[in-house]
Amino acid sequence: MADVSLKEAALIVGVVAACYWNSLFCGFVFDDVSAILDNKDLHPSTPLRNLFQNDFWGTPMSEERSHKSYRPLTVLTFRLNYLFSELNAVSYHFLNLVFHVVVCIVFLKVCKLFLDNRSSVVASLLFAVHPIHTEAVTGVVGRAELLSSIFFLAAFLSYTKSKGPDNTIVWTPIAVTVFLVAVATLCKEQGITVVGICCVYEVFIAQGYTLPALLDTAVQILRGKGSIPFSMLQTLLKLIVLMFSTLLLVVVRVQVIQSQLPVFTRFDNPAAVSPSPARQLTFNYLLPVNAWLLLNPSELCCDWTMGTIPLVESLLDVRNIATLTFFCFLGSLMVFSLRYPGDSSKTVLMALCLIVLPFIPASNLFFPVGFVVAERVLYVPSMGFCILVAHGWKKLSNKSVLRKISWVCLAAVLFTHALKTLHRNWDWESEYTLFMSALKVNKNNAKLWNNVGHALENEKNFERALQFFIQATQVQPDDIGAHMNVGRTYKNLNKTKEAEESYMIAKSLMPQIIPGKKYAARVAPNHLNVYINLANLIRANESRLEEADQLYRQAISMRPDFKQAYISRGELLLKMNKPLKAKEAYLRALELDRTNADLWYNLAIVYIELKDPTEALKNFNRALELNPTHKLALFNSALLMQESGDARLRPEAKQRLLHYVKEEPQDSNGYFNLGMLAMDDKKDMEAEAWMKKAIRLQPNFRSALFNLALLYSQTGKELMALPVLEDLLRYYPDHTKGLILKGDILMNQKKDIVGAKKCFEKILELDPKNVQGKHNLCVVYFEEKDLIKAEKCLVETLALAPHEEYIQRHLNIVRSKIASLGAMEQSSLPSDGTAATEAKKNSFQNLKEAKSEKTTTQSTVDNKEHLKNKKPTEKSSVDKETPKKSTKEIKDIEKKRVAALKRLEEIERILNGE
């Protein structure tokens, strides 16, 4: 077996780098989004065992919606990429490029088994530059092909060493082959087909049999005229070991997918659900279509599903000629390679094996697959094609007449293929460029129109996206997904009526439930989202909540393992104030997926609604165990700890909020709640810093503005509170508590009675029954020495709050003062006027201080605001401002209230003494 020289390896590396350097500038497109961006199995926080329990896209294999593509080793390489560079696309594309180089070099080593050095290099260069490989190399998910091919070729090379001297069996290479086959299969399913190639190699290459010789031997044995040769027995033993190992791998594979094939629809593969003979004619026609792509890769398309290739429905269809021609050509090559001995026939035979056997799983001939044509599955079959071309070129170049022409043609093919590959890479730069390039090739594929619409939708260009989605419905009127896309886009454009109409059309296209028949086998699982989307749309109308719930239940009845339906229904039931039923929905969803942090979070929200903070906190903690960076769980669990009033939980609450602001540095809510925690801990300077940071991020942050002003007021910095209150009232002129606090500061600190009066009058304009505002206005009247008006005001206030003792006490004081002043006016002499005025002034001052103390105390009790962010699902949020009182704070308030009452009693004694 010839080795690959350093010069040959360097040539291949240079050619691959020249063809694929621009792939490093491409992003994540098409299937990369599901396999990379949306796949939680890549995250370090996800247990490694999940890679061996989930499919290629991160969906548990046990779920019906699973694609059943089991490629854990490929996902492991994605996870390594994520570990070093997270979602930096360059590293993913670079590793794909490296793997392609490795495949090309190993392929060169395989070629040298059947071709001379020069022809082997030609075959390897053809393989390196062939444009059909762009999808496998430039598309990140194509890594499954690359990795599988490496171990596929390595397994074959290992098996070629299993023949020892005198035709003995060397078992170590066979054991290595079986191991490498298993590894190749864990990278992609088609890796197992190398066993068939090894079997063909053993019989026709290693042992040198031809088909006529095998038939003659079989006939002689059947007639009893001879026995099985020892060499043939050894060959049979090796084949039995290989086949038994293959059978074992197949059994394991069937167990992994739980004996279920993935669900595909006529939109994915129309021929698969077509009646005979259209199904057979179309599948056979697809074989020459794939062969033509290898021969002439001028028009490449990333998606060949739906109406890309019309069905062949009749024997009279002219395309059947292509099918017949293909089988005749293939048959003639097989007859030549199997019938005649010699190196040329062996080369052709191995080339045919590499073309045919790895393609069988994707051929639709034995079981349907989820596509019509897929360029990436031609990655390994193209190896056989390149060997055939190189072998044919060798035959031509050996003839002196055609030597120059053969070299010119070879150079032209290599150059044009390299240019095509280089140009094709740019198509994979973004989803928009990829799908627009596909539409140039095929305008009859509704999926392509949909995908361009998705690309525009991601750029928030909804108007233009809508045009492409509508075009998809015109190309394929019965495409449920297209109508769903139209509905979603109308919703994004706030055209709810049109959105509902589109969803209703999509719903009408859904097949009716047939009792006793499995629904999932007849429709794509994602099409059931039409019920979710329609329910989410109509539940915005409070009068249609029951109708929305009916849609959720219908989706669940169709698919009992439809996790998203339980989640959405749980959110709706919370909105309908049915927390117990919401709890049941979330618990059912958790039975389907206990590793979903969002579900534990939602269940925690339910327990908050059920007034069970202990259970809520437990579920928040479960969510954080599964996902330590779950932002909503960090935030709301911190709030729950803070609201518990347990000082022991505050340090942990602070740590979670600090973690939250690290994850969401632009969310002012995190800094505000850190400020509230600092206020609870009497860390005034720290609280001030956090509040100011929240306000810098959100200048109109209502609660942060008020609580910063309140903090200044409570720490003796009332004058610093005034500009903050001015900002608050500029954004929120009707902020009652802000007006009360501002009025208190103006009256007690600035001695601005007029300004205070305006504040309290504004409160009563907004809320005539506001006791605090009304009482404070009575104090203003008292300060203005209008006792009659003050008395009337206090009477009205007492009518609003007859249970408040301090209002009755103040009313008695005012009435006593009125009676006292009346008596003084009758009995006093003019010379005593100055003394009487001074006494009156002192009385007003004393009353004002007492009332102000009472008012300020009352404000402290009622005015501390707190932002509570409850988000029943990961995509919704509700901000609430609620009073926040710790046990210690309530005790402080009660002490102040007692002190205020004592002060009132002193004032009463002074007044009674007059």
# chains A, B, ... in the order shown; residues from 1 in each chain; ligands from 1
call {"tool": "closest_atom_pairs", "arguments": {"of": "stretch 19-136 of chain A", "to": "stretch 610-629 of chain A", "cutoff": "10 Å", "atoms": "only C-alpha atoms", "output": "Markdown table"}}
result
| residue | atom | partner | partner_atom | distance |
| --- | --- | --- | --- | --- |
| A:His43 | CA | A:Asn627 | CA | 9.8 |
| A:Pro44 | CA | A:Asn627 | CA | 10.0 |
| A:Ser45 | CA | A:Asn627 | CA | 6.5 |
| A:Thr46 | CA | A:Leu626 | CA | 7.6 |
| A:Pro47 | CA | A:Leu626 | CA | 9.2 |
call {"tool": "write_last_selection", "arguments": {"atoms": "all heavy atoms", "output": "JSON list (two decimals), in the first residue's frame"}}
result
[["chain", "number", "residue", "atom", "x", "y", "z"],
["A", 43, "HIS", "N", -24.18, 23.36, 24.87],
["A", 43, "HIS", "CA", -23.82, 24.19, 26.01],
["A", 43, "HIS", "C", -23.11, 23.36, 27.09],
["A", 43, "HIS", "O", -23.53, 22.23, 27.38],
["A", 43, "HIS", "CB", -25.06, 24.84, 26.61],
["A", 43, "HIS", "CG", -25.79, 25.70, 25.63],
["A", 43, "HIS", "ND1", -27.04, 26.24, 25.87],
["A", 43, "HIS", "CD2", -25.45, 26.14, 24.38],
["A", 43, "HIS", "CE1", -27.43, 26.94, 24.83],
["A", 43, "HIS", "NE2", -26.48, 26.90, 23.92],
["A", 44, "PRO", "N", -22.07, 23.90, 27.70],
["A", 44, "PRO", "CA", -21.36, 23.16, 28.75],
["A", 44, "PRO", "C", -22.25, 22.78, 29.93],
["A", 44, "PRO", "O", -21.96, 21.81, 30.62],
["A", 44, "PRO", "CB", -20.26, 24.15, 29.18],
["A", 44, "PRO", "CG", -20.07, 25.05, 28.01],
["A", 44, "PRO", "CD", -21.41, 25.18, 27.38],
["A", 45, "SER", "N", -23.31, 23.56, 30.15],
["A", 45, "SER", "CA", -24.21, 23.27, 31.27],
["A", 45, "SER", "C", -25.06, 22.02, 31.03],
["A", 45, "SER", "O", -25.63, 21.47, 31.97],
["A", 45, "SER", "CB", -25.13, 24.47, 31.53],
["A", 45, "SER", "OG", -25.89, 24.79, 30.37],
["A", 46, "THR", "N", -25.16, 21.58, 29.77],
["A", 46, "THR", "CA", -25.94, 20.38, 29.46],
["A", 46, "THR", "C", -25.10, 19.13, 29.72],
["A", 46, "THR", "O", -23.96, 19.05, 29.26],
["A", 46, "THR", "CB", -26.38, 20.39, 27.98],
["A", 46, "THR", "OG1", -27.12, 21.59, 27.72],
["A", 46, "THR", "CG2", -27.24, 19.19, 27.66],
["A", 47, "PRO", "N", -25.63, 18.16, 30.46],
["A", 47, "PRO", "CA", -24.85, 16.93, 30.73],
["A", 47, "PRO", "C", -24.44, 16.24, 29.43],
["A", 47, "PRO", "O", -25.21, 16.20, 28.47],
["A", 47, "PRO", "CB", -25.83, 16.07, 31.54],
["A", 47, "PRO", "CG", -26.81, 17.03, 32.13],
["A", 47, "PRO", "CD", -26.95, 18.14, 31.13]]
call {"tool": "residues_around", "arguments": {"residues": "A:Val372", "least_positions_apart": "3", "cutoff": "7 Å", "atoms": "only C-alpha atoms", "output": "ChimeraX atom specification"}}
result
/A:269,304-305
call {"tool": "atom_distance", "arguments": {"atom1": "atom CA of A:Val103", "atom2": "atom CA of A:Ile169"}}
result
28.0 Å
call {"tool": "residues_around", "arguments": {"residues": "stretch 499-503 of chain A", "least_positions_apart": "4", "cutoff": "7 Å", "atoms": "only C-alpha atoms", "output": "list of chain:residue names"}}
result
A:His483, A:Met484, A:Val486, A:Gly487, A:Arg488, A:Tyr490, A:Lys491, A:Lys495, A:Lys507, A:Val530, A:Leu534
call {"tool": "select_by_dssp", "arguments": {"residues": "stretch 531-626 of chain A", "states": "helix (DSSP H, G or I)", "output": "number ranges by chain"}}
result
A: 531-538, 542-558, 563-575, 579-592, 597-609, 613-626
call {"tool": "atom_distance", "arguments": {"atom1": "atom CA of A:Leu439", "atom2": "atom CA of A:Val452"}}
result
9.0 Å
call {"tool": "residues_around", "arguments": {"residues": "A:Val29", "least_positions_apart": "6", "cutoff": "8 Å", "atoms": "only C-alpha atoms", "output": "MDAnalysis selection string"}}
result
chainID A and resid 139 428:431 434
call {"tool": "write_last_selection", "arguments": {"atoms": "N, CA and C atoms", "output": "tab-separated table (two decimals), in the first residue's frame"}}
result
chain	number	residue	atom	x	y	z
A	139	GLY	N	-21.52	24.22	4.58
A	139	GLY	CA	-22.61	24.12	5.55
A	139	GLY	C	-22.11	23.40	6.79
A	428	TRP	N	-23.48	30.66	0.70
A	428	TRP	CA	-23.72	30.24	2.09
A	428	TRP	C	-23.35	31.33	3.09
A	429	GLU	N	-23.15	32.54	2.61
A	429	GLU	CA	-22.76	33.63	3.50
A	429	GLU	C	-23.86	33.95	4.50
A	430	SER	N	-25.10	33.95	4.03
A	430	SER	CA	-26.25	34.23	4.91
A	430	SER	C	-27.45	33.45	4.38
A	431	GLU	N	-28.48	33.38	5.17
A	431	GLU	CA	-29.67	32.64	4.74
A	431	GLU	C	-30.31	33.32	3.53
A	434	LEU	N	-28.30	32.43	0.44
A	434	LEU	CA	-28.43	31.01	0.13
A	434	LEU	C	-29.75	30.70	-0.57
call {"tool": "residues_around", "arguments": {"residues": "A:Asp41", "least_positions_apart": "5", "cutoff": "7 Å", "atoms": "only C-alpha atoms", "output": "tab-separated table (two decimals) with N, CA and C atoms, in the first residue's frame"}}
result
chain	number	residue	atom	x	y	z
A	46	THR	N	-25.16	21.58	29.77
A	46	THR	CA	-25.94	20.38	29.46
A	46	THR	C	-25.10	19.13	29.72
A	50	ASN	N	-26.66	13.68	27.58
A	50	ASN	CA	-27.77	14.11	26.71
A	50	ASN	C	-27.41	13.92	25.24
A	51	LEU	N	-26.12	14.03	24.90
A	51	LEU	CA	-25.70	13.86	23.51
A	51	LEU	C	-26.03	12.47	23.01
A	58	GLY	N	-30.89	17.90	18.95
A	58	GLY	CA	-31.09	18.15	20.38
A	58	GLY	C	-32.44	17.73	20.90
call {"tool": "closest_residue", "arguments": {"among": "A:Leu115, A:Ala756, A:Ile132, A:Val90", "to": "A:Val373", "atoms": "only C-alpha atoms"}}
result
A:Ile132
